[in-house]
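model.csv (CSV, C-alpha atoms and all ligand atoms) appears below.
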```csv
chain,number,residue,atom,x,y,z
F,1,MET,CA,0.0,0.0,0.0
F,2,GLY,CA,3.0,2.3,0.2
F,3,LYS,CA,2.7,5.3,2.5
F,4,ARG,CA,-0.3,5.7,4.8
F,5,ALA,CA,-2.7,7.5,2.6
F,6,MET,CA,-6.2,8.0,3.7
F,7,ARG,CA,-9.4,10.0,3.4
F,8,LYS,CA,-12.4,10.7,5.5
F,9,ALA,CA,-15.5,8.8,4.5
F,10,GLN,CA,-19.1,8.5,5.7
F,11,VAL,CA,-19.9,5.1,7.2
F,12,ASP,CA,-21.7,3.5,4.3
F,13,PRO,CA,-21.9,0.0,2.7
F,14,GLY,CA,-19.8,1.3,-0.2
F,15,LEU,CA,-16.8,1.0,2.2
F,16,VAL,CA,-16.9,-2.8,2.4
F,17,GLY,CA,-13.5,-4.3,1.6
F,18,ARG,CA,-11.6,-1.1,2.4
F,19,TYR,CA,-9.2,-0.8,5.4
F,20,LEU,CA,-9.7,1.3,8.4
F,21,ALA,CA,-6.8,3.9,8.5
F,22,ARG,CA,-7.4,5.2,12.1
F,23,THR,CA,-8.7,3.3,15.2
F,24,VAL,CA,-12.3,4.2,16.1
F,25,TYR,CA,-13.1,4.7,19.8
F,26,GLU,CA,-16.5,4.6,21.4
F,27,ILE,CA,-17.6,8.1,22.0
F,28,ASP,CA,-18.5,8.0,25.7
F,29,THR,CA,-16.1,5.4,27.1
F,30,ARG,CA,-13.2,5.9,24.7
F,31,ARG,CA,-13.0,2.1,24.5
F,32,VAL,CA,-11.5,0.8,21.2
F,33,LEU,CA,-14.3,-0.2,18.8
F,34,VAL,CA,-12.3,-1.2,15.7
F,35,ARG,CA,-8.5,-1.0,15.3
F,36,SER,CA,-6.8,0.6,12.4
F,37,GLY,CA,-5.8,-1.8,9.7
F,38,THR,CA,-9.1,-3.8,10.0
F,39,ARG,CA,-10.8,-4.8,6.8
F,40,LEU,CA,-14.3,-3.3,6.8
F,41,SER,CA,-17.2,-5.8,6.5
F,42,GLU,CA,-20.9,-5.0,6.2
F,43,SER,CA,-21.6,-6.1,9.8
F,44,LEU,CA,-18.7,-4.0,11.1
F,45,LEU,CA,-20.0,-0.9,9.3
F,46,ARG,CA,-23.5,-1.6,10.7
F,47,GLY,CA,-22.0,-1.9,14.2
F,48,LEU,CA,-20.2,1.4,13.8
F,49,SER,CA,-23.4,3.1,12.8
F,50,ARG,CA,-25.2,1.7,15.8
F,51,HIS,CA,-22.5,3.3,18.0
F,52,GLY,CA,-23.2,6.7,16.5
F,53,VAL,CA,-20.0,6.8,14.4
F,54,THR,CA,-20.8,8.7,11.2
F,55,ASP,CA,-17.3,9.4,9.7
F,56,ILE,CA,-14.2,7.2,9.6
F,57,TRP,CA,-10.8,7.3,8.0
F,58,VAL,CA,-10.1,4.7,5.3
F,59,THR,CA,-7.0,3.9,3.2
F,60,ASP,CA,-7.2,5.3,-0.3
F,61,GLU,CA,-5.1,4.3,-3.3
F,62,VAL,CA,-5.8,7.5,-5.3
F,63,MET,CA,-4.4,9.5,-2.4
F,64,ASN,CA,-1.3,7.2,-2.1
F,65,ASP,CA,1.3,10.0,-2.3
F,66,LEU,CA,-0.5,12.3,0.1
F,67,GLU,CA,-0.1,12.4,3.8
F,68,ILE,CA,-2.8,14.0,6.0
F,69,ARG,CA,-1.3,15.9,8.9
F,70,GLU,CA,-3.0,16.5,12.3
F,71,THR,CA,-3.2,20.0,13.8
F,72,VAL,CA,-3.0,18.7,17.4
F,73,HIS,CA,-1.6,15.5,18.7
F,74,PHE,CA,-3.9,12.6,19.4
F,75,GLU,CA,-2.8,12.7,23.0
F,76,THR,CA,-3.7,16.4,23.4
F,77,ARG,CA,-7.1,15.7,21.9
F,78,GLU,CA,-7.6,12.9,24.4
F,79,ILE,CA,-6.5,15.1,27.4
F,80,THR,CA,-8.8,17.9,26.2
F,81,ARG,CA,-11.7,15.4,25.8
F,82,THR,CA,-11.2,14.0,29.3
F,83,ALA,CA,-11.0,17.4,30.9
F,84,LEU,CA,-14.1,18.6,29.1
F,85,GLN,CA,-16.0,15.4,29.8
F,86,ASN,CA,-15.4,15.7,33.5
F,87,VAL,CA,-16.3,19.4,33.5
F,88,LEU,CA,-19.5,19.0,31.5
F,89,THR,CA,-20.7,16.0,33.6
F,90,ASN,CA,-19.8,17.7,36.9
F,91,ALA,CA,-21.0,21.1,35.9
F,92,ALA,CA,-24.4,20.8,37.5
F,93,ASN,CA,-23.0,19.1,40.6
F,94,PRO,CA,-22.1,21.6,43.4
F,95,ALA,CA,-20.1,19.0,45.2
F,96,ALA,CA,-17.5,18.8,42.4
F,97,SER,CA,-14.1,20.2,43.1
F,98,PRO,CA,-13.7,23.7,41.7
F,99,VAL,CA,-9.9,23.7,41.8
F,100,GLY,CA,-9.8,20.3,40.0
F,101,ASN,CA,-12.1,21.7,37.3
F,102,THR,CA,-9.9,24.7,36.7
F,103,ARG,CA,-6.6,22.9,36.6
F,104,ALA,CA,-7.7,20.2,34.1
F,105,VAL,CA,-9.1,22.7,31.6
F,106,VAL,CA,-6.2,25.1,31.9
F,107,ASP,CA,-3.8,22.2,31.4
F,108,ALA,CA,-5.7,21.1,28.3
F,109,ALA,CA,-5.7,24.6,26.9
F,110,CYS,CA,-2.0,24.9,27.5
F,111,ARG,CA,-1.4,21.8,25.5
F,112,LEU,CA,-3.6,22.9,22.7
F,113,VAL,CA,-1.8,26.2,22.5
F,114,ASP,CA,1.6,24.4,22.6
F,115,ASP,CA,0.7,22.1,19.8
F,116,ILE,CA,-0.7,24.9,17.6
F,117,LEU,CA,2.3,27.2,18.3
F,118,HIS,CA,4.8,24.5,17.5
F,119,ASN,CA,3.0,23.5,14.3
F,120,ASP,CA,4.4,24.7,11.1
F,121,HIS,CA,1.3,23.9,8.9
F,122,VAL,CA,0.4,26.8,6.7
F,123,LEU,CA,-3.2,25.5,6.6
F,124,HIS,CA,-5.0,23.4,9.2
F,125,ASN,CA,-7.4,20.6,8.3
F,126,ILE,CA,-10.0,20.6,11.1
F,127,GLU,CA,-11.8,17.3,11.4
F,128,ARG,CA,-15.6,17.3,11.1
F,129,ILE,CA,-17.8,16.3,13.9
F,130,ARG,CA,-17.9,12.5,14.1
F,131,SER,CA,-21.1,11.8,16.0
F,132,TRP,CA,-24.6,13.2,16.3
F,133,ASP,CA,-25.1,12.9,20.0
F,134,ALA,CA,-21.8,14.2,21.2
F,135,TYR,CA,-22.2,17.4,19.4
F,136,THR,CA,-21.8,20.1,22.1
F,137,PHE,CA,-18.8,18.2,23.4
F,138,GLU,CA,-16.9,17.7,20.2
F,139,HIS,CA,-17.9,21.2,19.0
F,140,SER,CA,-16.3,22.7,22.1
F,141,ILE,CA,-13.0,21.1,21.3
F,142,GLN,CA,-13.1,22.2,17.7
F,143,VAL,CA,-14.0,25.7,18.6
F,144,ALA,CA,-11.1,25.8,21.0
F,145,ILE,CA,-8.6,24.6,18.3
F,146,ILE,CA,-10.0,27.0,15.7
F,147,SER,CA,-10.0,30.0,18.1
F,148,ILE,CA,-6.4,29.4,19.1
F,149,ILE,CA,-5.4,29.2,15.4
F,150,ILE,CA,-7.1,32.5,14.8
F,151,GLY,CA,-5.5,34.0,17.9
F,152,ARG,CA,-2.1,32.8,16.7
F,153,GLU,CA,-2.6,34.4,13.3
F,154,LEU,CA,-3.6,37.7,15.1
F,155,ARG,CA,-0.3,37.4,17.0
F,156,LEU,CA,-1.7,37.2,20.5
F,157,PRO,CA,0.8,36.3,23.2
F,158,PRO,CA,0.8,32.7,24.5
F,159,GLU,CA,-0.9,33.7,27.9
F,160,GLN,CA,-3.8,35.3,26.0
F,161,LEU,CA,-4.1,32.3,23.7
F,162,GLN,CA,-4.3,30.0,26.7
F,163,ARG,CA,-7.1,32.1,28.3
F,164,LEU,CA,-8.8,32.3,24.9
F,165,GLY,CA,-8.6,28.5,24.7
F,166,VAL,CA,-10.2,28.0,28.2
F,167,GLY,CA,-13.0,30.4,27.3
F,168,ALA,CA,-13.5,28.6,23.9
F,169,MET,CA,-13.6,25.2,25.5
F,170,LEU,CA,-16.2,26.3,28.0
F,171,HIS,CA,-18.2,28.7,25.8
F,172,ASP,CA,-21.3,26.6,25.7
F,173,ILE,CA,-21.1,25.1,29.2
F,174,GLY,CA,-24.4,26.8,30.1
F,175,LYS,CA,-26.1,24.3,27.8
F,176,VAL,CA,-25.8,21.7,30.5
F,177,LEU,CA,-28.6,23.6,32.3
F,178,ILE,CA,-30.9,23.9,29.3
F,179,PRO,CA,-33.7,21.2,29.2
F,180,GLN,CA,-32.8,18.4,26.8
F,181,GLU,CA,-36.1,18.7,24.9
F,182,ILE,CA,-35.1,22.2,23.8
F,183,LEU,CA,-31.4,21.5,23.4
F,184,ASN,CA,-32.1,18.5,21.1
F,185,LYS,CA,-35.3,19.6,19.5
F,186,GLN,CA,-35.5,18.6,15.8
F,187,GLY,CA,-36.9,21.6,13.9
F,188,THR,CA,-37.2,25.3,14.6
F,189,LEU,CA,-37.4,26.5,18.2
F,190,THR,CA,-40.5,28.6,19.1
F,191,ASP,CA,-39.8,32.1,20.3
F,192,ASP,CA,-40.2,31.0,23.9
F,193,GLU,CA,-37.9,28.1,23.5
F,194,PHE,CA,-35.3,30.3,21.8
F,195,ASP,CA,-35.5,32.7,24.7
F,196,VAL,CA,-34.7,29.7,27.0
F,197,MET,CA,-31.8,28.6,24.8
F,198,LYS,CA,-30.4,32.2,24.9
F,199,THR,CA,-30.0,32.0,28.6
F,200,HIS,CA,-27.1,29.5,28.2
F,201,ALA,CA,-24.7,32.4,27.9
F,202,ARG,CA,-25.5,34.0,31.3
F,203,LEU,CA,-26.1,30.6,33.0
F,204,GLY,CA,-22.7,29.4,31.8
F,205,TRP,CA,-21.0,32.5,33.1
F,206,ASP,CA,-22.7,32.1,36.5
F,207,LEU,CA,-21.8,28.5,36.6
F,208,VAL,CA,-18.0,28.9,36.0
F,209,HIS,CA,-17.9,31.7,38.6
F,210,GLU,CA,-19.5,29.4,41.1
F,211,GLN,CA,-17.6,26.3,40.2
F,212,PHE,CA,-14.2,27.4,38.8
F,213,ALA,CA,-11.9,28.8,41.4
F,214,MET,CA,-9.8,31.6,39.9
F,215,ILE,CA,-11.1,31.5,36.4
F,216,MET,CA,-9.6,34.4,34.5
F,217,PRO,CA,-12.1,37.1,33.5
F,218,THR,CA,-10.7,37.1,29.9
F,219,SER,CA,-11.8,33.4,29.7
F,220,SER,CA,-15.2,33.7,31.4
F,221,ILE,CA,-16.2,36.8,29.3
F,222,VAL,CA,-16.2,34.5,26.2
F,223,ILE,CA,-19.0,32.4,27.8
F,224,MET,CA,-21.1,35.5,28.4
F,225,GLN,CA,-20.4,37.3,25.0
F,226,HIS,CA,-19.9,34.6,22.3
F,227,HIS,CA,-23.4,35.4,20.8
F,228,GLU,CA,-22.9,39.1,20.9
F,229,ARG,CA,-22.6,40.7,17.4
F,230,LEU,CA,-20.8,43.8,16.3
F,231,ASP,CA,-24.0,45.5,15.1
F,232,GLY,CA,-25.7,45.0,18.4
F,233,SER,CA,-28.0,42.3,17.2
F,234,GLY,CA,-26.6,39.6,19.4
F,235,TYR,CA,-27.5,38.4,23.0
F,236,PRO,CA,-27.7,38.5,26.0
F,237,HIS,CA,-26.9,42.2,26.1
F,238,GLY,CA,-27.0,43.4,22.5
F,239,LEU,CA,-23.6,45.0,23.0
F,240,PRO,CA,-22.1,47.1,20.2
F,241,GLY,CA,-18.8,45.9,18.7
F,242,GLY,CA,-16.5,48.2,20.8
F,243,GLN,CA,-17.8,46.6,24.0
F,244,ILE,CA,-17.2,43.0,22.9
F,245,HIS,CA,-13.9,41.5,24.1
F,246,LEU,CA,-11.5,40.3,21.3
F,247,ASN,CA,-11.5,36.8,22.8
F,248,SER,CA,-15.3,36.7,22.5
F,249,ARG,CA,-15.2,38.1,18.9
F,250,ILE,CA,-12.7,35.3,17.9
F,251,VAL,CA,-14.8,32.6,19.5
F,252,ALA,CA,-17.9,33.9,17.8
F,253,VAL,CA,-16.2,33.4,14.4
F,254,ALA,CA,-15.0,29.9,15.3
F,255,ASP,CA,-18.4,29.0,16.7
F,256,VAL,CA,-20.3,30.0,13.6
F,257,PHE,CA,-17.7,28.4,11.3
F,258,ASP,CA,-17.8,25.0,13.1
F,259,ALA,CA,-21.5,25.0,13.6
F,260,MET,CA,-22.1,25.4,9.9
F,261,ARG,CA,-19.6,22.6,9.0
F,262,ALA,CA,-21.1,20.1,11.3
F,263,ASN,CA,-23.8,17.5,10.5
F,264,ARG,CA,-26.6,17.8,13.0
F,265,ILE,CA,-29.6,15.6,13.6
F,266,TYR,CA,-31.9,18.2,12.0
F,267,ARG,CA,-29.8,19.4,9.2
F,268,LYS,CA,-26.9,18.5,7.0
F,269,ARG,CA,-23.7,20.5,7.1
F,270,ARG,CA,-23.5,23.6,4.9
F,271,MET,CA,-21.4,23.4,1.7
F,272,PRO,CA,-18.0,25.3,1.8
F,273,LYS,CA,-19.3,27.9,-0.7
F,274,GLU,CA,-22.2,28.7,1.7
F,275,VAL,CA,-19.9,29.0,4.7
F,276,TRP,CA,-17.6,31.2,2.7
F,277,THR,CA,-20.4,33.5,1.5
F,278,ALA,CA,-22.1,33.7,5.0
F,279,LEU,CA,-18.9,34.5,6.8
F,280,THR,CA,-17.5,37.0,4.3
F,281,ARG,CA,-20.9,38.7,4.2
F,282,ASP,CA,-21.0,39.1,8.0
F,283,ALA,CA,-17.3,40.1,8.3
F,284,GLY,CA,-17.2,43.7,9.6
F,285,ARG,CA,-20.9,43.9,10.1
F,286,ARG,CA,-21.8,41.2,12.6
F,287,LEU,CA,-18.5,39.3,12.9
F,288,ASP,CA,-15.0,40.7,13.5
F,289,ALA,CA,-13.4,41.1,10.1
F,290,ARG,CA,-9.8,40.5,11.2
F,291,SER,CA,-10.8,37.2,12.8
F,292,VAL,CA,-12.7,36.1,9.7
F,293,ALA,CA,-9.7,36.9,7.5
F,294,ALA,CA,-7.4,35.1,10.0
F,295,LEU,CA,-9.6,32.0,9.9
F,296,PHE,CA,-9.7,31.7,6.1
F,297,ASN,CA,-6.0,32.3,6.0
F,298,ARG,CA,-5.2,29.4,8.3
F,299,VAL,CA,-8.1,27.0,8.4
F,300,ALA,CA,-8.9,24.9,5.3
F,301,LEU,CA,-12.6,25.2,4.2
F,302,VAL,CA,-12.3,22.0,2.2
F,303,SER,CA,-9.9,19.5,3.7
F,304,GLN,CA,-7.3,17.4,2.1
F,305,GLY,CA,-8.8,14.1,1.0
F,306,GLU,CA,-12.4,15.4,0.6
F,307,ILE,CA,-14.3,14.4,-2.5
F,308,VAL,CA,-15.5,17.6,-4.3
F,309,ARG,CA,-17.7,18.5,-7.3
F,310,LEU,CA,-16.1,21.4,-9.2
F,311,SER,CA,-18.0,24.3,-10.8
F,312,ASN,CA,-17.2,22.8,-14.2
F,313,GLY,CA,-19.0,19.6,-13.2
F,314,MET,CA,-15.8,17.4,-12.8
F,315,LEU,CA,-15.3,15.2,-9.8
F,316,ALA,CA,-12.1,15.5,-7.8
F,317,ILE,CA,-10.2,14.9,-4.5
F,318,VAL,CA,-8.6,17.8,-2.7
F,319,THR,CA,-4.9,17.3,-2.6
F,320,GLU,CA,-3.8,20.6,-1.0
F,321,PRO,CA,-6.0,23.4,0.5
F,322,SER,CA,-5.1,26.8,-0.8
F,323,GLN,CA,-4.2,29.7,1.6
F,324,GLY,CA,-6.4,32.7,1.4
F,325,ALA,CA,-8.5,31.2,-1.5
F,326,PRO,CA,-10.4,28.5,0.3
F,327,LEU,CA,-12.6,27.5,-2.6
F,328,GLU,CA,-9.7,27.1,-5.0
F,329,PRO,CA,-7.5,24.3,-3.6
F,330,LYS,CA,-5.2,22.0,-5.5
F,331,VAL,CA,-7.2,18.9,-6.6
F,332,ARG,CA,-6.8,15.6,-8.4
F,333,VAL,CA,-9.6,15.3,-11.0
F,334,VAL,CA,-10.8,11.7,-11.2
F,335,ALA,CA,-14.1,11.7,-13.2
F,336,ASP,CA,-16.0,13.8,-15.7
F,337,GLU,CA,-19.4,15.6,-15.4
F,338,ALA,CA,-21.2,12.3,-16.0
F,339,ASP,CA,-19.2,10.7,-13.2
F,340,THR,CA,-17.3,8.6,-15.7
F,341,PRO,CA,-13.8,7.9,-14.3
F,342,ILE,CA,-11.0,9.5,-16.4
F,343,ARG,CA,-7.3,9.2,-16.2
F,344,PRO,CA,-6.6,11.3,-13.0
F,345,TYR,CA,-4.7,14.5,-13.3
F,346,ASP,CA,-3.6,17.2,-10.8
F,347,TRP,CA,-5.0,20.8,-11.2
F,348,ASP,CA,-4.4,24.0,-9.2
F,349,LEU,CA,-7.7,25.8,-9.1
F,350,ARG,CA,-6.3,29.1,-7.9
F,351,GLY,CA,-7.1,31.7,-10.5
F,352,SER,CA,-8.4,29.1,-12.9
F,353,GLY,CA,-12.0,30.4,-12.8
F,354,CYS,CA,-13.2,27.0,-11.5
F,355,ILE,CA,-14.1,26.6,-7.8
F,356,VAL,CA,-15.2,23.9,-5.5
F,357,GLU,CA,-19.0,23.8,-5.9
F,358,THR,CA,-20.0,21.1,-3.4
F,359,THR,CA,-18.4,18.4,-1.2
F,360,LEU,CA,-19.6,14.8,-1.3
F,361,ASP,CA,-19.7,12.4,1.6
F,362,ARG,CA,-19.1,9.5,-0.7
F,363,TRP,CA,-18.4,8.6,-4.3
F,364,PRO,CA,-21.4,8.8,-6.6
F,365,ALA,CA,-23.0,5.5,-7.4
F,366,LYS,CA,-21.7,5.4,-11.0
F,367,VAL,CA,-18.1,5.7,-9.8
F,368,ARG,CA,-18.7,3.0,-7.2
F,369,GLU,CA,-20.2,0.7,-9.8
F,370,ARG,CA,-17.2,1.0,-12.0
F,371,GLY,CA,-15.0,-0.4,-9.2
F,372,GLU,CA,-14.4,3.1,-7.7
F,373,LEU,CA,-10.8,3.6,-6.9
F,374,GLY,CA,-9.6,0.2,-7.9
F,375,THR,CA,-10.4,1.1,-11.5
F,376,LEU,CA,-9.1,4.7,-11.1
F,377,ASP,CA,-5.9,3.4,-9.6
F,378,ALA,CA,-5.3,1.0,-12.5
F,379,MET,CA,-5.4,4.0,-14.8
F,380,VAL,CA,-2.5,5.7,-13.1
F,381,THR,CA,0.4,4.1,-14.8
S,401,FE,FE,-23.5,29.2,22.4
```

Let's see the structure in the file written out as C-alpha cells.
Amino acid sequence: MGKRAMRKAQVDPGLVGRYLARTVYEIDTRRVLVRSGTRLSESLLRGLSRHGVTDIWVTDEVMNDLEIRETVHFETREITRTALQNVLTNAANPAASPVGNTRAVVDAACRLVDDILHNDHVLHNIERIRSWDAYTFEHSIQVAIISIIIGRELRLPPEQLQRLGVGAMLHDIGKVLIPQEILNKQGTLTDDEFDVMKTHARLGWDLVHEQFAMIMPTSSIVIMQHHERLDGSGYPHGLPGGQIHLNSRIVAVADVFDAMRANRIYRKRRMPKEVWTALTRDAGRRLDARSVAALFNRVALVSQGEIVRLSNGMLAIVTEPSQGAPLEPKVRVVADEADTPIRPYDWDLRGSGCIVETTLDRWPAKVRERGELGTLDAMVT
C-alpha cells in the first residue's frame, strides 16, 4: 500500500472491503471499537453506525502520495476530551471540586496552545464532527482549536491564547442547564424556546464563577459574550462591537464556522461555498473582520482528502488546500461531469475560474459501480 494515505468517509456499505486507517473509539467510554488496519465488512460498518459513528478514515489508493497531517496530537485531543467530559458531567454538581475543574481545563488549553504554536502547517485541516449525539462536546474542542489558530494568526501572546482556549472550550457550558427537549429539538425552536436557549450564555457565566476557582475574566467573558454581534443584534446584552472583548469576537467566528460545518440531527452540514459566503458577508458587520480573515488564512474550508464537485462539473479529490483562497484548492480530477472515471490529473484551481461547488460524503453510485478507486488506480500508470 505504500505510504499511509487515507481519506475521511461517511460510514456506508460502499466501504466494504476497504481498510480502516485510524482506530475508532467509542464516544463515551473511549473504548476501542475497531482497530486501524481492520478490513471493513458489512456487519462491522453496521456496528459502527449503531455506536453513532458517522465518519471514519479509510485507506485510499488515489491518495497514495498524500499524507494527512494533524493539527493537534492525538494525546492532546484525548486530554482535552477527558478534561471537558469531566467538567461537563460535573457542571451541574455543586459537590464537584472547583480547583480540580480549573486545573484540568487550563492544562488542556496549554497543551492545545503548545501544539498549535509548534505546528508549522500553513493551513490546518480541522476534522468534522464525528457523531450526532456528542455534538456540544466535540464542537467545544473544535471551537477551542480554531480559536487558538485565529488568535495565533492575530499574533496574540501565549498567555492570552491560553485564556482564549479556556473560554472557547467552556463557551457553551451553560447548555448543561438547558432542558434536553429544547437542546435536542428537531426543527425550529419557538420564540419562547429560543428565549430559554439564549439563557445559556448567562447561565454558563454564573456556573463557572461558582464552580471554577480563579477562572480568568478574559476566559469567562467569552461564555457571556460569544453570541454578541458587532451591530448590536446579538445576545444576551445586544452589546455594540466596541464593547465585545477580542476573545469573544474570535470565539464567535470559530463557533459560527464550526456549527455550519457540522452534520446535525436536524440538518446536514453547509457546503463550503455557503460557509464562505455567509462569513464574508458578515465580516465587519456582525463578525470581527480580522478574525474572519485570519480564519480563512489558516483553516482549510475544504480538507485534504475530501471528494468535491467542481463548478465545471468534474469530480475531484482535494490534494492541498489553498491559503487565502479557500474554494480554490489543488485537486486531483478523477471523473468527468457524468461521473465517468477518467485518467486522474492534478490541477491547481487558484485563478483558474473554476471553484469547489460542493463536497460529497461518498463517491457517486456510478463511480462506485465501476469499481471506484480500484479502476481509477489501475489507470494511473
Ligand atoms: Fe453558544

Notebook entry, point to check: Which residues, written as number ranges by chain, have at least one atom at most 10 Å from Asp195 in chain F, with all atoms listed in the file counted and residues fewer than 5 positions away on the same chain left out?
Noted result: F: 189-190, 200, 235-236

Quick one: residues within 9 Å of ligand FE 401 (chain S), with all atoms listed in the file, as a PDB file with C-alpha atoms, in the frame of the given file?
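Below you can see selection_4.pdb, which holds the result:
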```pdb
ATOM      1  CA  HIS F 171     -18.200  28.700  25.800  1.00  0.00           C
ATOM      2  CA  ASP F 172     -21.300  26.600  25.700  1.00  0.00           C
ATOM      3  CA  ILE F 173     -21.100  25.100  29.200  1.00  0.00           C
ATOM      4  CA  GLY F 174     -24.400  26.800  30.100  1.00  0.00           C
ATOM      5  CA  LYS F 175     -26.100  24.300  27.800  1.00  0.00           C
ATOM      6  CA  MET F 197     -31.800  28.600  24.800  1.00  0.00           C
ATOM      7  CA  LYS F 198     -30.400  32.200  24.900  1.00  0.00           C
ATOM      8  CA  HIS F 200     -27.100  29.500  28.200  1.00  0.00           C
ATOM      9  CA  ALA F 201     -24.700  32.400  27.900  1.00  0.00           C
ATOM     10  CA  ILE F 223     -19.000  32.400  27.800  1.00  0.00           C
ATOM     11  CA  HIS F 226     -19.900  34.600  22.300  1.00  0.00           C
ATOM     12  CA  HIS F 227     -23.400  35.400  20.800  1.00  0.00           C
ATOM     13  CA  ALA F 252     -17.900  33.900  17.800  1.00  0.00           C
ATOM     14  CA  ASP F 255     -18.400  29.000  16.700  1.00  0.00           C
TER      15      ASP F 255
END
```

Next item on the list: Pick out the closest residue to Val105 in chain F from this set: F:Leu203, F:Thr136, F:Ser43, F:Val208. Count all atoms listed in the file.
Entry: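 Nearest to Val105 in chain F: F:Val208.
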
Notebook entry, point to check: Hey, can you check how far CA of Trp347 in chain F sits from CA of Arg332 in chain F?
Noted result: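 If I compute the distance from CA of Trp347 in chain F to CA of Arg332 in chain F, I get 6.2 Å.
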
Margin query: Within 8 Å of (-12.1, 22.8, 5.1) in the file's own coordinates, which protein, DNA or RNA residues have an atom, counting all atoms listed in the file? List them as a count of residues only.
Written below: 11

Mind completing range 235-251 of chain F with N, CA and C atoms? Output as an mmCIF file, in the frame of the given file, please?
```
data_model
loop_
_atom_site.group_PDB
_atom_site.id
_atom_site.type_symbol
_atom_site.label_atom_id
_atom_site.label_comp_id
_atom_site.auth_asym_id
_atom_site.auth_seq_id
_atom_site.Cartn_x
_atom_site.Cartn_y
_atom_site.Cartn_z
ATOM 1 N N TYR F 235 -26.953 38.509 21.614
ATOM 2 C CA TYR F 235 -27.500 38.400 23.000
ATOM 3 C C TYR F 235 -26.367 37.928 23.898
ATOM 4 N N PRO F 236 -26.473 38.044 25.218
ATOM 5 C CA PRO F 236 -27.700 38.500 26.000
ATOM 6 C C PRO F 236 -27.838 39.995 26.076
ATOM 7 N N HIS F 237 -26.803 40.794 25.826
ATOM 8 C CA HIS F 237 -26.900 42.200 26.100
ATOM 9 C C HIS F 237 -27.080 43.115 24.898
ATOM 10 N N GLY F 238 -26.956 42.569 23.699
ATOM 11 C CA GLY F 238 -27.000 43.400 22.500
ATOM 12 C C GLY F 238 -25.906 44.439 22.462
ATOM 13 N N LEU F 239 -24.718 44.036 22.922
ATOM 14 C CA LEU F 239 -23.600 45.000 23.000
ATOM 15 C C LEU F 239 -23.125 45.416 21.627
ATOM 16 N N PRO F 240 -22.690 46.686 21.486
ATOM 17 C CA PRO F 240 -22.100 47.100 20.200
ATOM 18 C C PRO F 240 -20.625 46.582 20.160
ATOM 19 N N GLY F 241 -20.074 46.526 18.949
ATOM 20 C CA GLY F 241 -18.800 45.900 18.700
ATOM 21 C C GLY F 241 -17.677 46.365 19.686
ATOM 22 N N GLY F 242 -17.603 47.661 19.960
ATOM 23 C CA GLY F 242 -16.500 48.200 20.800
ATOM 24 C C GLY F 242 -16.546 47.627 22.214
ATOM 25 N N GLN F 243 -17.673 47.083 22.627
ATOM 26 C CA GLN F 243 -17.800 46.600 24.000
ATOM 27 C C GLN F 243 -17.606 45.037 24.057
ATOM 28 N N ILE F 244 -17.364 44.427 22.906
ATOM 29 C CA ILE F 244 -17.200 43.000 22.900
ATOM 30 C C ILE F 244 -15.702 42.642 22.927
ATOM 31 N N HIS F 245 -15.294 41.876 23.905
ATOM 32 C CA HIS F 245 -13.900 41.500 24.100
ATOM 33 C C HIS F 245 -13.344 40.782 22.847
ATOM 34 N N LEU F 246 -12.080 41.012 22.517
ATOM 35 C CA LEU F 246 -11.500 40.300 21.300
ATOM 36 C C LEU F 246 -11.627 38.818 21.433
ATOM 37 N N ASN F 247 -11.398 38.258 22.642
ATOM 38 C CA ASN F 247 -11.500 36.800 22.800
ATOM 39 C C ASN F 247 -12.942 36.345 22.395
ATOM 40 N N SER F 248 -13.950 37.107 22.782
ATOM 41 C CA SER F 248 -15.300 36.700 22.500
ATOM 42 C C SER F 248 -15.585 36.862 20.964
ATOM 43 N N ARG F 249 -14.977 37.877 20.338
ATOM 44 C CA ARG F 249 -15.200 38.100 18.900
ATOM 45 C C ARG F 249 -14.525 36.915 18.117
ATOM 46 N N ILE F 250 -13.385 36.460 18.599
ATOM 47 C CA ILE F 250 -12.700 35.300 17.900
ATOM 48 C C ILE F 250 -13.539 34.060 18.094
ATOM 49 N N VAL F 251 -14.012 33.798 19.300
ATOM 50 C CA VAL F 251 -14.800 32.600 19.500
ATOM 51 C C VAL F 251 -16.103 32.623 18.745
#
```
